[in-house]
file target_38.cif (mmCIF, C-alpha atoms and all ligand atoms)
data_start
#
loop_
_atom_site.label_atom_id
_atom_site.label_comp_id
_atom_site.auth_asym_id
_atom_site.auth_seq_id
_atom_site.Cartn_x
_atom_site.Cartn_y
_atom_site.Cartn_z
CA MET A 79 77.20 223.70 297.93
CA ASP A 80 74.82 221.21 299.50
CA LEU A 81 71.09 221.69 299.27
CA ASP A 82 70.58 223.29 302.67
CA LEU A 83 73.33 225.81 302.05
CA GLU A 84 71.94 226.56 298.62
CA GLU A 85 68.51 227.20 300.12
CA LEU A 86 70.01 229.43 302.77
CA TYR A 87 71.94 231.30 300.08
CA GLN A 88 68.75 231.82 298.07
CA THR A 89 66.81 232.95 301.11
CA VAL A 90 69.42 235.43 302.31
CA VAL A 91 70.22 236.83 298.87
CA LEU A 92 66.57 237.23 297.92
CA ASP A 93 65.71 238.78 301.27
CA HIS A 94 68.50 241.37 301.05
CA SER A 95 67.88 242.12 297.37
CA ARG A 96 64.17 242.67 297.94
CA LYS A 97 64.58 244.55 301.20
CA PRO A 98 68.08 246.03 301.15
CA ARG A 99 69.23 247.22 304.57
CA ASN A 100 70.47 250.77 305.10
CA PHE A 101 68.95 251.66 301.73
CA GLY A 102 68.31 255.31 301.01
CA PRO A 103 70.15 258.60 301.02
CA LEU A 104 72.18 259.32 304.13
CA ALA A 105 71.81 262.67 305.86
CA ASP A 106 75.08 264.36 306.83
CA ALA A 107 77.22 261.90 304.91
CA THR A 108 80.92 262.70 305.09
CA VAL A 109 81.62 260.92 301.84
CA THR A 110 79.64 259.44 298.97
CA VAL A 111 81.14 257.27 296.26
CA SER A 112 79.26 256.11 293.19
CA GLY A 113 80.16 253.15 291.05
CA ASP A 114 78.71 251.12 288.28
CA ASN A 115 79.20 247.73 286.71
CA PRO A 116 78.25 248.23 283.04
CA THR A 117 78.49 244.56 282.10
CA CYS A 118 75.52 243.84 284.35
CA GLY A 119 73.92 247.27 284.71
CA ASP A 120 74.49 247.60 288.47
CA GLU A 121 74.76 251.16 289.75
CA ILE A 122 75.13 252.13 293.37
CA ALA A 123 76.14 255.11 295.46
CA LEU A 124 77.51 254.43 298.92
CA SER A 125 77.48 257.09 301.62
CA LEU A 126 79.32 256.97 304.92
CA ARG A 127 79.19 259.17 307.96
CA LEU A 128 82.56 258.87 309.60
CA ASP A 129 83.01 260.22 313.10
CA SER A 130 86.43 261.86 312.95
CA ALA A 131 86.89 261.65 316.74
CA THR A 132 86.34 257.90 317.02
CA ASP A 133 87.19 256.99 313.41
CA ARG A 134 83.98 254.93 313.36
CA LEU A 135 81.44 254.57 310.57
CA GLU A 136 78.52 256.02 312.47
CA ALA A 137 76.08 255.56 309.64
CA VAL A 138 76.03 253.92 306.25
CA GLY A 139 73.56 254.23 303.42
CA PHE A 140 73.33 253.30 299.78
CA THR A 141 71.11 254.02 296.83
CA GLY A 142 70.90 252.67 293.32
CA SER A 143 69.80 249.53 291.60
CA GLY A 144 71.37 246.30 290.59
CA CYS A 145 70.99 242.58 290.27
CA SER A 146 70.20 240.47 293.31
CA ILE A 147 73.85 239.58 293.98
CA CYS A 148 74.92 243.22 293.85
CA MET A 149 72.08 244.39 296.08
CA ALA A 150 72.47 241.54 298.56
CA SER A 151 76.24 241.90 298.81
CA THR A 152 76.02 245.68 299.30
CA SER A 153 73.17 245.36 301.79
CA LEU A 154 75.01 242.71 303.81
CA MET A 155 78.15 244.83 303.68
CA THR A 156 76.37 247.84 305.17
CA THR A 157 75.08 245.76 308.08
CA LYS A 158 78.63 244.55 308.76
CA ILE A 159 80.50 247.86 308.54
CA LYS A 160 78.03 250.07 310.41
CA GLY A 161 79.53 251.06 313.74
CA LYS A 162 82.94 249.66 312.83
CA THR A 163 86.17 251.64 312.84
CA ARG A 164 87.80 252.46 309.56
CA ALA A 165 90.49 249.85 310.30
CA GLU A 166 87.88 247.18 311.01
CA ALA A 167 86.00 248.01 307.81
CA THR A 168 89.25 247.85 305.86
CA ALA A 169 90.00 244.42 307.34
CA LEU A 170 86.52 243.19 306.43
CA LEU A 171 87.01 244.48 302.90
CA ALA A 172 90.24 242.49 302.57
CA ASP A 173 88.57 239.35 303.99
CA PHE A 174 85.66 239.66 301.58
CA GLN A 175 87.92 240.30 298.58
CA GLY A 176 89.99 237.24 299.47
CA MET A 177 86.92 235.04 299.64
CA ILE A 178 85.05 236.36 296.61
CA THR A 179 88.07 236.12 294.31
CA GLY A 180 88.74 232.58 295.51
CA GLN A 181 92.13 233.45 297.01
CA THR A 182 90.85 232.29 300.38
CA PRO A 183 89.28 228.81 300.23
CA ALA A 184 85.58 229.01 301.12
CA ALA A 185 86.11 226.80 304.18
CA GLU A 186 88.66 229.27 305.52
CA ALA A 187 86.62 232.42 305.02
CA PRO A 188 86.76 234.37 308.29
CA LYS A 189 83.72 234.01 310.55
CA THR A 190 83.59 237.79 310.89
CA LEU A 191 82.08 237.83 307.40
CA GLY A 192 78.91 236.20 308.76
CA ASP A 193 76.22 235.76 306.11
CA LEU A 194 78.55 237.26 303.52
CA ARG A 195 80.18 233.82 303.47
CA LEU A 196 77.07 232.57 301.69
CA LEU A 197 78.31 234.50 298.65
CA ASN A 198 81.47 232.38 298.39
CA GLY A 199 79.96 230.39 295.49
CA VAL A 200 80.13 233.55 293.39
CA ALA A 201 83.91 233.05 293.19
CA LYS A 202 83.24 230.45 290.48
CA PHE A 203 81.57 233.01 288.21
CA PRO A 204 84.01 235.77 287.17
CA GLN A 205 81.26 237.96 285.68
CA ARG A 206 79.29 237.89 288.92
CA ILE A 207 82.32 238.72 291.07
CA LYS A 208 81.97 242.29 289.78
CA CYS A 209 78.33 242.32 290.92
CA ALA A 210 79.29 241.08 294.37
CA THR A 211 82.19 243.51 294.75
CA LEU A 212 80.68 246.74 293.39
CA GLY A 213 79.60 247.95 296.82
CA TRP A 214 82.97 247.00 298.25
CA HIS A 215 84.84 248.96 295.61
CA ALA A 216 82.71 251.93 296.62
CA LEU A 217 83.65 251.28 300.25
CA LYS A 218 87.33 251.17 299.35
CA GLY A 219 87.01 254.49 297.55
CA ALA A 220 84.98 256.03 300.35
CA LEU A 221 87.46 254.98 303.03
CA ALA A 222 90.31 256.40 300.98
CA GLU A 223 88.49 259.55 299.99
CA SER A 224 87.35 260.33 303.50
CA ALA A 225 90.94 260.25 304.77
CA PRO A 226 91.78 263.82 303.69
CA VAL A 227 88.68 265.04 305.56
CA ASN A 228 90.42 264.17 308.79
CA PHE A 229 93.85 265.44 307.91
CA SER A 230 94.87 268.99 307.35
CA LEU A 231 98.58 268.22 307.43
CA ASP A 232 100.28 265.83 305.11
CA ASN A 233 100.96 263.27 307.82
CA HIS A 234 99.53 260.54 305.66
CA ASP A 235 102.06 258.59 303.66
CA GLY A 236 101.34 259.81 300.18
CA SER A 237 103.86 257.59 298.45
CA LYS A 238 102.56 255.08 295.96
CA SER A 239 102.92 251.59 297.30
ZN ZN B 301 75.02 242.44 288.69
#
call {"tool": "encode", "arguments": {"input": "target_38.cif", "output": "structure tokens"}}
result
Amino acid sequence: MDLDLEELYQTVVLDHSRKPRNFGPLADATVTVSGDNPTCGDEIALSLRLDSATDRLEAVGFTGSGCSICMASTSLMTTKIKGKTRAEATALLADFQGMITGQTPAAEAPKTLGDLRLLNGVAKFPQRIKCATLGWHALKGALAESAPVNFSLDNHDGSKS
């Protein structure tokens, strides 16, 4: 990371960790998933309000506490997934996972990730990857758990893949 990028990283991460966006309990949430990262002490609960007609994440909120990487990553995530369809949020999740685990080279991280790309340096620190992905694991669980809410028939492929 060159100096300018490092400064930008610091600025964005500190800003989001001090003033997390979409922070607070969410009224009328359709699903809430809690997760923790004991090795660091991060604990968050992510709530989504999914509009079953449009399949969009109408509202997103999270509560909890964690280190600056955890808070910044979760805060940035909420700003990116709000208003997105479930499919779009799932795609973003895959893009972020690819980048943060180093499977996708930093230079090739999709532009749709926006400021989340500033977190690509975390890929070098395995312990911190958990901090950066805690909120995303909650998202994964929430997107999966909210599926049955919209289905009364077993038209979802329940086979293990
Ligand atoms: Zn942490």
call {"tool": "residues_around", "arguments": {"input": "target_38.cif", "residues": "A:Lys189", "least_positions_apart": "2", "cutoff": "12 Å", "atoms": "all atoms listed in the file", "output": "number ranges by chain"}}
result
A: 158, 170, 173-174, 177, 184-187, 191-196
call {"tool": "residues_near_ligand", "arguments": {"input": "target_38.cif", "ligand": "ligand ZN 301 (chain B)", "cutoff": "10 Å", "atoms": "only C-alpha atoms and all ligand atoms", "output": "NGL selection string"}}
result
:A and (114-121 or 143-149 or 205-212)
call {"tool": "residues_near_point", "arguments": {"input": "target_38.cif", "point": "(84.6, 252.5, 297.0)", "cutoff": "12 Å", "atoms": "all atoms listed in the file", "output": "ChimeraX atom specification"}}
result
/A:109-114,122-126,140,152,167-168,171,211-224
call {"tool": "closest_residue", "arguments": {"input": "target_38.cif", "among": "A:Gly180, A:Pro204, A:Gly161, A:Pro188", "to": "A:Arg127", "atoms": "only C-alpha atoms"}}
result
A:Gly161
call {"tool": "closest_residue", "arguments": {"input": "target_38.cif", "among": "A:Ala172, A:Ile178, A:Leu104, A:Leu135", "to": "A:Lys160", "atoms": "only C-alpha atoms"}}
result
A:Leu135
call {"tool": "closest_residue", "arguments": {"input": "target_38.cif", "among": "A:Thr190, A:Thr132, A:Ser151, A:Gln175", "to": "A:Asp93", "atoms": "only C-alpha atoms"}}
result
A:Ser151
call {"tool": "atom_distance", "arguments": {"input": "target_38.cif", "atom1": "atom CA of A:Leu154", "atom2": "atom CA of A:Leu128"}}
result
18.8 Å
call {"tool": "atom_distance", "arguments": {"input": "target_38.cif", "atom1": "atom CA of A:Pro183", "atom2": "atom CA of A:Ala169"}}
result
17.2 Å
call {"tool": "closest_residue", "arguments": {"input": "target_38.cif", "among": "A:Val138, A:Val91, A:Leu86, A:Ala150", "to": "A:Ala105", "atoms": "only C-alpha atoms"}}
result
A:Val138
call {"tool": "closest_residue", "arguments": {"input": "target_38.cif", "among": "A:Ser130, A:Thr179, A:Thr141, A:Thr157", "to": "A:Thr108", "atoms": "all atoms listed in the file"}}
result
A:Ser130
call {"tool": "atom_distance", "arguments": {"input": "target_38.cif", "atom1": "atom CA of A:Arg99", "atom2": "atom CA of A:Thr156"}}
result
7.2 Å
call {"tool": "closest_residue", "arguments": {"input": "target_38.cif", "among": "A:Gly142, A:Leu197, A:Arg134, A:Thr182", "to": "A:Arg164", "atoms": "all atoms listed in the file"}}
result
A:Arg134
call {"tool": "axis_aligned_box", "arguments": {"input": "target_38.cif", "around": "stretch 100-112 of chain A", "padding_each_side": "3 Å", "output": "lines of an AutoDock Vina configuration file"}}
result
center_x = 75.0
center_y = 257.6
center_z = 300.0
size_x = 19.3
size_y = 19.6
size_z = 19.6
call {"tool": "decode", "arguments": {"input": "target_38.cif", "residues": "stretch 150-229 of chain A", "atoms": "C-alpha atoms", "output": "PDB file, in the first residue's frame"}}
result
ATOM      1  CA  ALA A 150     -15.739  -0.436   9.653  1.00  0.00           C
ATOM      2  CA  SER A 151     -16.259  -3.522   7.509  1.00  0.00           C
ATOM      3  CA  THR A 152     -19.781  -4.089   8.854  1.00  0.00           C
ATOM      4  CA  SER A 153     -20.668  -0.410   8.550  1.00  0.00           C
ATOM      5  CA  LEU A 154     -19.395  -0.232   4.958  1.00  0.00           C
ATOM      6  CA  MET A 155     -21.241  -3.453   4.178  1.00  0.00           C
ATOM      7  CA  THR A 156     -24.562  -2.029   5.368  1.00  0.00           C
ATOM      8  CA  THR A 157     -24.152   1.034   3.152  1.00  0.00           C
ATOM      9  CA  LYS A 158     -23.510  -1.250   0.169  1.00  0.00           C
ATOM     10  CA  ILE A 159     -26.324  -3.773   0.649  1.00  0.00           C
ATOM     11  CA  LYS A 160     -29.113  -1.379   1.625  1.00  0.00           C
ATOM     12  CA  GLY A 161     -31.646  -1.224  -1.187  1.00  0.00           C
ATOM     13  CA  LYS A 162     -30.044  -4.129  -3.031  1.00  0.00           C
ATOM     14  CA  THR A 163     -31.840  -7.314  -4.026  1.00  0.00           C
ATOM     15  CA  ARG A 164     -30.981 -10.509  -2.257  1.00  0.00           C
ATOM     16  CA  ALA A 165     -29.123 -11.683  -5.386  1.00  0.00           C
ATOM     17  CA  GLU A 166     -27.090  -8.471  -5.536  1.00  0.00           C
ATOM     18  CA  ALA A 167     -26.209  -8.720  -1.851  1.00  0.00           C
ATOM     19  CA  THR A 168     -25.169 -12.341  -2.348  1.00  0.00           C
ATOM     20  CA  ALA A 169     -22.927 -11.331  -5.260  1.00  0.00           C
ATOM     21  CA  LEU A 170     -21.344  -8.583  -3.170  1.00  0.00           C
ATOM     22  CA  LEU A 171     -20.738 -11.078  -0.387  1.00  0.00           C
ATOM     23  CA  ALA A 172     -18.906 -13.392  -2.794  1.00  0.00           C
ATOM     24  CA  ASP A 173     -16.843 -10.491  -4.180  1.00  0.00           C
ATOM     25  CA  PHE A 174     -15.862  -9.358  -0.695  1.00  0.00           C
ATOM     26  CA  GLN A 175     -14.988 -12.885   0.449  1.00  0.00           C
ATOM     27  CA  GLY A 176     -12.811 -13.356  -2.623  1.00  0.00           C
ATOM     28  CA  MET A 177     -10.914 -10.155  -1.944  1.00  0.00           C
ATOM     29  CA  ILE A 178     -10.531 -10.463   1.823  1.00  0.00           C
ATOM     30  CA  THR A 179      -9.259 -14.035   1.671  1.00  0.00           C
ATOM     31  CA  GLY A 180      -6.778 -13.076  -1.043  1.00  0.00           C
ATOM     32  CA  GLN A 181      -8.341 -15.358  -3.654  1.00  0.00           C
ATOM     33  CA  THR A 182      -8.963 -12.321  -5.825  1.00  0.00           C
ATOM     34  CA  PRO A 183      -5.831 -10.189  -6.291  1.00  0.00           C
ATOM     35  CA  ALA A 184      -6.369  -6.734  -4.771  1.00  0.00           C
ATOM     36  CA  ALA A 185      -5.960  -5.073  -8.170  1.00  0.00           C
ATOM     37  CA  GLU A 186      -8.822  -7.169  -9.532  1.00  0.00           C
ATOM     38  CA  ALA A 187     -11.278  -6.548  -6.714  1.00  0.00           C
ATOM     39  CA  PRO A 188     -14.584  -5.544  -8.319  1.00  0.00           C
ATOM     40  CA  LYS A 189     -15.324  -1.813  -8.376  1.00  0.00           C
ATOM     41  CA  THR A 190     -18.774  -2.528  -6.968  1.00  0.00           C
ATOM     42  CA  LEU A 191     -17.063  -3.018  -3.610  1.00  0.00           C
ATOM     43  CA  GLY A 192     -16.250   0.701  -3.484  1.00  0.00           C
ATOM     44  CA  ASP A 193     -14.500   1.727  -0.258  1.00  0.00           C
ATOM     45  CA  LEU A 194     -14.580  -1.885   0.906  1.00  0.00           C
ATOM     46  CA  ARG A 195     -11.604  -2.356  -1.406  1.00  0.00           C
ATOM     47  CA  LEU A 196      -9.566  -0.338   1.089  1.00  0.00           C
ATOM     48  CA  LEU A 197      -9.777  -3.379   3.367  1.00  0.00           C
ATOM     49  CA  ASN A 198      -7.876  -5.567   0.897  1.00  0.00           C
ATOM     50  CA  GLY A 199      -4.684  -5.245   2.980  1.00  0.00           C
ATOM     51  CA  VAL A 200      -6.402  -7.254   5.716  1.00  0.00           C
ATOM     52  CA  ALA A 201      -5.943 -10.357   3.523  1.00  0.00           C
ATOM     53  CA  LYS A 202      -2.332 -10.463   4.747  1.00  0.00           C
ATOM     54  CA  PHE A 203      -3.414 -10.882   8.379  1.00  0.00           C
ATOM     55  CA  PRO A 204      -5.351 -14.138   8.902  1.00  0.00           C
ATOM     56  CA  GLN A 205      -6.472 -13.176  12.427  1.00  0.00           C
ATOM     57  CA  ARG A 206      -7.960  -9.918  11.185  1.00  0.00           C
ATOM     58  CA  ILE A 207      -9.806 -11.570   8.302  1.00  0.00           C
ATOM     59  CA  LYS A 208     -12.264 -12.857  10.910  1.00  0.00           C
ATOM     60  CA  CYS A 209     -12.779  -9.289  12.147  1.00  0.00           C
ATOM     61  CA  ALA A 210     -13.422  -8.045   8.624  1.00  0.00           C
ATOM     62  CA  THR A 211     -15.784 -10.885   7.739  1.00  0.00           C
ATOM     63  CA  LEU A 212     -17.887 -11.156  10.912  1.00  0.00           C
ATOM     64  CA  GLY A 213     -20.608  -8.877   9.575  1.00  0.00           C
ATOM     65  CA  TRP A 214     -20.560 -10.704   6.261  1.00  0.00           C
ATOM     66  CA  HIS A 215     -21.000 -14.076   7.920  1.00  0.00           C
ATOM     67  CA  ALA A 216     -24.044 -12.591   9.625  1.00  0.00           C
ATOM     68  CA  LEU A 217     -25.284 -11.391   6.239  1.00  0.00           C
ATOM     69  CA  LYS A 218     -24.821 -14.852   4.770  1.00  0.00           C
ATOM     70  CA  GLY A 219     -26.815 -16.357   7.625  1.00  0.00           C
ATOM     71  CA  ALA A 220     -29.490 -13.686   7.402  1.00  0.00           C
ATOM     72  CA  LEU A 221     -29.947 -14.130   3.657  1.00  0.00           C
ATOM     73  CA  ALA A 222     -30.235 -17.882   4.118  1.00  0.00           C
ATOM     74  CA  GLU A 223     -32.451 -17.688   7.166  1.00  0.00           C
ATOM     75  CA  SER A 224     -34.829 -15.203   5.618  1.00  0.00           C
ATOM     76  CA  ALA A 225     -35.457 -17.522   2.662  1.00  0.00           C
ATOM     77  CA  PRO A 226     -38.058 -19.686   4.448  1.00  0.00           C
ATOM     78  CA  VAL A 227     -39.971 -16.514   5.363  1.00  0.00           C
ATOM     79  CA  ASN A 228     -40.844 -16.118   1.715  1.00  0.00           C
ATOM     80  CA  PHE A 229     -41.580 -19.727   0.948  1.00  0.00           C
TER      81      PHE A 229
END
